[in-house]
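A.B. asks: Dropping the structure in here first, questions after.
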Amino acid sequence: MIRAAQPQDLAAIMHIERRAHAFPWSEQVMQQFLQRPGSAWVLEQQGELVGHAVIRVIAGEGELLTIAIHPEQQGQGLGLQLLQAILQQFAQQGAEQCFLEVRASNHSAIQLYEKLGFACAGVRKDYYPCAQGREDAWIYCLDLSA
């Protein structure tokens, strides 16, 4: 089940965030999005949170700010399920395009985005921190009006 995240989901979201990302968002930043209706979404299985996403829509453009599936649940199509629900949310909120950034090394995420029709629209050099310096972010875009 995919539903709007609630403030009481913060601990479970942060657990996933810390397990799924080498450089996770801070609890403070995540809490700010949990207080904005329609910004944070969670994926539940059997009453347990296994994934989350944070989005925003500004001037007809949707932006996927972060998405994560618990590492023990990855590879089961849950990321696809969550992303498809997020794209529906963008459409409901009036977005005509969706943008996201992804680490150049995140091949599984890139494969998922391209499977859904996202196209690479640019590169932000040295955008993400990584174990040895910085890593490029690839900017992807999907036209939601088609």
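The chains in the structure tokens are called A, B, ... from first to last as shown; in each chain the residues are counted from 1, and the ligands are counted from 1 in the order shown.
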According to DSSP computed on the backbone, where in chain A is there strand (DSSP E)? Give the residues as an MDAnalysis selection string.
C.D. replies: chainID A and resid 2:4 40:45 48:58 61:69 97:103 119:130 133:143
A.B. asks: Would you mind listing what lies within 9 Å of segment 19-34 of chain A as a list of chain:residue names, with only C-alpha atoms counted and same-chain residues fewer than 5 positions away left out?
C.D. replies: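 My reading of the contact set: A:Ala4, A:Ala5, A:Gln6, A:Pro7, A:Asp9, A:Leu10, A:Ala11, A:Ile13, A:Met14, A:Ser39, A:Ala40, A:Trp41, A:Val54, A:Ile55, A:Thr66, A:Ala68, A:Ile69, A:His70, A:Pro71, A:Tyr128, A:Pro129, A:Cys130, A:Ala131.
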A.B. asks: Which of these residues is nearest to Leu100 of chain A, using only C-alpha atoms: A:Ala137, A:Val50, A:Met1, A:Ala59?
C.D. replies: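 Looking at the shortest contact to Leu100 of chain A, the residue is A:Ala137.
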A.B. asks: For Leu116 of chain A, which residue out of A:Gly38, A:Gly62, A:Gly47, A:Gly79 is the nearest one, using only C-alpha atoms?
C.D. replies: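 Comparing A:Gly38, A:Gly62, A:Gly47, A:Gly79 against Leu116 of chain A, the winner is A:Gly79.
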A.B. asks: Can you tell me which residues surround Gln97 of chain A at a distance of at most 8 Å, considering only C-alpha atoms, apart from same-chain residues fewer than 3 positions away, and format the answer as a count of residues only?
C.D. replies: 8
A.B. asks: Hey, what does DSSP flag as alpha helix (DSSP H) within segment 109-139 of chain A? Can you give it to me as a ChimeraX atom specification?
C.D. replies: /A:109-115
A.B. asks: Separation of atom CA of Ile139 of chain A and atom CA of Val102 of chain A, in Å?
C.D. replies: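 Atom CA of Val102 of chain A lies 6.6 Å from atom CA of Ile139 of chain A.
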A.B. asks: Let me make sure I understand: among A:Ile58, A:Ile2, A:Leu112, A:Ala121, which one has the smallest atom-to-atom distance to Gly75 of chain A if we use only C-alpha atoms?
C.D. replies: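 Looking at the shortest contact to Gly75 of chain A, the residue is A:Leu112.
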A.B. asks: I need the residue nearest Cys120 of chain A from this list: A:Gln8, A:Gln132, A:Glu101, A:Gly94. Use only C-alpha atoms for the distance.
C.D. replies: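 Among the listed residues, the smallest separation from Cys120 of chain A belongs to A:Glu101.
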A.B. asks: If I take atom CA of Glu63 of chain A and atom CA of Glu114 of chain A, how far is one from the other in Å, to one decimal?
C.D. replies: 16.1 Å
A.B. asks: Ranking A:Cys98, A:Ala109, A:Ala119, A:Ala104 by minimum distance to Arg134 of chain A and counting only C-alpha atoms, which one comes first?
C.D. replies: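 Using only C-alpha atoms, Arg134 of chain A sits closest to A:Ala104.
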